[in-house]
Amino acid sequence: MKIRTYGDPVLRRKAQMVTEITDELKKLIKDMFEVMHQNDGIGLAATQIGVEQRVIVTDAFDMPLVIINPEIVMRGGEEIAEEGCLSFPGIKASIKRAKDIMAKGLGENGEEIKLEVTGIPARVIQHEVDHLNGILIVDRMIPAERDTVKTLL
Ligand code: NI
């Protein structure tokens with residue numbers, strides 16, 4: 001399975017809410033972890049493998065985490081840090097994000113989950129939720145950095 005990279009129109013589409021936990025969804029989650037690991041990523045959104053469903057996976061926590069229909073319900077503080085994205089191979093950019101967030105959604109088996117997160121895991125969740133809304137790191141870069149990066153894309 002291939003990761004969609006910048007320029008692929010699917011990355012700009014808003015993903016759909018998941019309405020049912022199906023075997024197909026479980027297979028999607030398994031595939032997402034596999035692709036993320038193969039590419040040494042710490043987070044992946046379903047849209048990055050061309051599936052327009054609101055599902056994210058991450059390894060930024062102590063254990064593998066899946067969030068279905070993730071929502072950020074609270075944001076606090078601000079932090080600028082260097083960030084990459086599997087859809088922008090070789091590119092790193094300084095991106096400003098909330099430092100602390102509260103997120104909710106469903107776990108792999110449809111159970112409700114609520115997380116209070118800070119630092120890198122909070123950044124990863126914000127990044128992946130952006131993907132589900134068709135927002136990419138290039139949209140969040142400061143203008144000077146965006147200009148430099150555009151010459152590389
Ligand atoms: Ni990304």
# chains A, B, ... in the order shown; residues from 1 in each chain; ligands from 1

call {"tool": "residues_around", "arguments": {"residues": "Leu28 (chain A)", "least_positions_apart": "6", "cutoff": "9 Å", "atoms": "only C-alpha atoms", "output": "list in words"}}
result
Ala46, Val51 and Val55 of chain A

call {"tool": "write_last_selection", "arguments": {"atoms": "N, CA and C atoms", "output": "mmCIF file, in the first residue's frame"}}
result
data_model
loop_
_atom_site.group_PDB
_atom_site.id
_atom_site.type_symbol
_atom_site.label_atom_id
_atom_site.label_comp_id
_atom_site.auth_asym_id
_atom_site.auth_seq_id
_atom_site.Cartn_x
_atom_site.Cartn_y
_atom_site.Cartn_z
ATOM 1 N N ALA A 46 -6.158 7.949 7.693
ATOM 2 C CA ALA A 46 -6.639 7.058 6.625
ATOM 3 C C ALA A 46 -6.544 7.703 5.241
ATOM 4 N N VAL A 51 -8.066 6.444 1.811
ATOM 5 C CA VAL A 51 -9.370 6.048 2.349
ATOM 6 C C VAL A 51 -9.983 7.241 3.079
ATOM 7 N N VAL A 55 -10.291 8.095 10.547
ATOM 8 C CA VAL A 55 -9.539 7.147 11.373
ATOM 9 C C VAL A 55 -8.088 7.593 11.419
#

call {"tool": "residues_around", "arguments": {"residues": "Ile29 (chain A)", "least_positions_apart": "3", "cutoff": "9 Å", "atoms": "only C-alpha atoms", "output": "compact mmCIF listing (two decimals) with C-alpha atoms, in the first residue's frame"}}
result
# COMPACT_ATOMS: atom_id res chain seq x y z
CA GLU A 24 -13.43 -3.77 6.73
CA LEU A 25 -12.67 -1.03 9.23
CA LYS A 26 -10.54 -3.41 11.31
CA MET A 32 -2.63 1.71 8.53
CA PHE A 33 -0.33 0.44 11.30
CA GLU A 34 1.55 -1.62 8.77
CA ALA A 46 -6.64 7.06 6.62
CA VAL A 55 -9.54 7.15 11.37
CA ILE A 56 -6.08 7.91 12.75
CA VAL A 57 -3.40 5.67 14.21
CA VAL A 66 -6.36 4.15 17.16
CA GLU A 108 -10.92 0.18 17.82

call {"tool": "residues_near_ligand", "arguments": {"ligand": "ligand 1", "cutoff": "9 Å", "atoms": "only C-alpha atoms and all ligand atoms", "output": "MDAnalysis selection string"}}
result
chainID A and resid 41 43:45 48 83:88 124 127:128 130:131 136:137

call {"tool": "write_last_selection", "arguments": {"atoms": "N, CA and C atoms", "output": "PDB file, in the first residue's frame"}}
result
ATOM      1  N   GLY A  41       6.880   6.081  10.489  1.00  0.00           N
ATOM      2  CA  GLY A  41       6.092   7.232  10.938  1.00  0.00           C
ATOM      3  C   GLY A  41       5.626   7.038  12.364  1.00  0.00           C
ATOM      4  N   GLY A  43       2.568   8.606  13.141  1.00  0.00           N
ATOM      5  CA  GLY A  43       1.140   8.845  13.039  1.00  0.00           C
ATOM      6  C   GLY A  43       0.708   8.720  11.588  1.00  0.00           C
ATOM      7  N   LEU A  44      -0.539   8.332  11.392  1.00  0.00           N
ATOM      8  CA  LEU A  44      -1.053   8.216  10.026  1.00  0.00           C
ATOM      9  C   LEU A  44      -2.565   8.419  10.036  1.00  0.00           C
ATOM     10  N   ALA A  45      -3.046   9.119   9.030  1.00  0.00           N
ATOM     11  CA  ALA A  45      -4.491   9.299   8.855  1.00  0.00           C
ATOM     12  C   ALA A  45      -4.916   8.455   7.648  1.00  0.00           C
ATOM     13  N   GLN A  48      -4.298   9.340   4.051  1.00  0.00           N
ATOM     14  CA  GLN A  48      -2.947   9.211   3.496  1.00  0.00           C
ATOM     15  C   GLN A  48      -2.744   7.904   2.729  1.00  0.00           C
ATOM     16  N   GLU A  83       8.297  19.531  12.562  1.00  0.00           N
ATOM     17  CA  GLU A  83       7.347  18.474  12.262  1.00  0.00           C
ATOM     18  C   GLU A  83       7.559  17.963  10.842  1.00  0.00           C
ATOM     19  N   GLY A  84       7.361  16.671  10.666  1.00  0.00           N
ATOM     20  CA  GLY A  84       7.420  16.085   9.332  1.00  0.00           C
ATOM     21  C   GLY A  84       6.085  15.445   9.013  1.00  0.00           C
ATOM     22  N   CYS A  85       5.985  14.891   7.817  1.00  0.00           N
ATOM     23  CA  CYS A  85       4.737  14.234   7.414  1.00  0.00           C
ATOM     24  C   CYS A  85       5.098  13.208   6.342  1.00  0.00           C
ATOM     25  N   LEU A  86       4.551  12.013   6.441  1.00  0.00           N
ATOM     26  CA  LEU A  86       4.871  10.970   5.455  1.00  0.00           C
ATOM     27  C   LEU A  86       4.410  11.362   4.057  1.00  0.00           C
ATOM     28  N   SER A  87       3.475  12.305   3.967  1.00  0.00           N
ATOM     29  CA  SER A  87       3.016  12.758   2.651  1.00  0.00           C
ATOM     30  C   SER A  87       3.915  13.853   2.066  1.00  0.00           C
ATOM     31  N   PHE A  88       4.912  14.284   2.853  1.00  0.00           N
ATOM     32  CA  PHE A  88       5.903  15.276   2.393  1.00  0.00           C
ATOM     33  C   PHE A  88       7.299  14.708   2.657  1.00  0.00           C
ATOM     34  N   VAL A 124       0.948  15.178  17.401  1.00  0.00           N
ATOM     35  CA  VAL A 124       0.620  14.133  16.416  1.00  0.00           C
ATOM     36  C   VAL A 124      -0.895  14.082  16.194  1.00  0.00           C
ATOM     37  N   HIS A 127      -2.000  16.988  14.127  1.00  0.00           N
ATOM     38  CA  HIS A 127      -1.541  16.811  12.741  1.00  0.00           C
ATOM     39  C   HIS A 127      -2.458  15.836  11.986  1.00  0.00           C
ATOM     40  N   GLU A 128      -2.770  14.717  12.635  1.00  0.00           N
ATOM     41  CA  GLU A 128      -3.587  13.694  11.953  1.00  0.00           C
ATOM     42  C   GLU A 128      -5.037  14.152  11.784  1.00  0.00           C
ATOM     43  N   ASP A 130      -5.929  17.194  11.351  1.00  0.00           N
ATOM     44  CA  ASP A 130      -5.815  18.108  10.200  1.00  0.00           C
ATOM     45  C   ASP A 130      -5.971  17.328   8.892  1.00  0.00           C
ATOM     46  N   HIS A 131      -5.252  16.207   8.788  1.00  0.00           N
ATOM     47  CA  HIS A 131      -5.329  15.396   7.559  1.00  0.00           C
ATOM     48  C   HIS A 131      -6.784  15.036   7.234  1.00  0.00           C
ATOM     49  N   LEU A 136      -2.956  20.404   5.481  1.00  0.00           N
ATOM     50  CA  LEU A 136      -1.607  19.826   5.421  1.00  0.00           C
ATOM     51  C   LEU A 136      -0.585  20.761   6.061  1.00  0.00           C
ATOM     52  N   ILE A 137       0.600  20.212   6.380  1.00  0.00           N
ATOM     53  CA  ILE A 137       1.600  21.043   7.072  1.00  0.00           C
ATOM     54  C   ILE A 137       1.944  22.309   6.295  1.00  0.00           C
TER      55      ILE A 137
END

call {"tool": "atom_distance", "arguments": {"atom1": "CA of Leu132 (chain A)", "atom2": "CA of Gly77 (chain A)"}}
result
22.7 Å

call {"tool": "atom_distance", "arguments": {"atom1": "CA of Ala60 (chain A)", "atom2": "CA of Ile142 (chain A)"}}
result
24.9 Å

call {"tool": "closest_residue", "arguments": {"among": "A:Asn109, A:Gly7, A:Ile120, A:Gln126", "to": "Thr22 (chain A)", "atoms": "only C-alpha atoms"}}
result
A:Asn109

call {"tool": "atom_distance", "arguments": {"atom1": "CA of Gly119 (chain A)", "atom2": "CA of Asn69 (chain A)"}}
result
21.4 Å
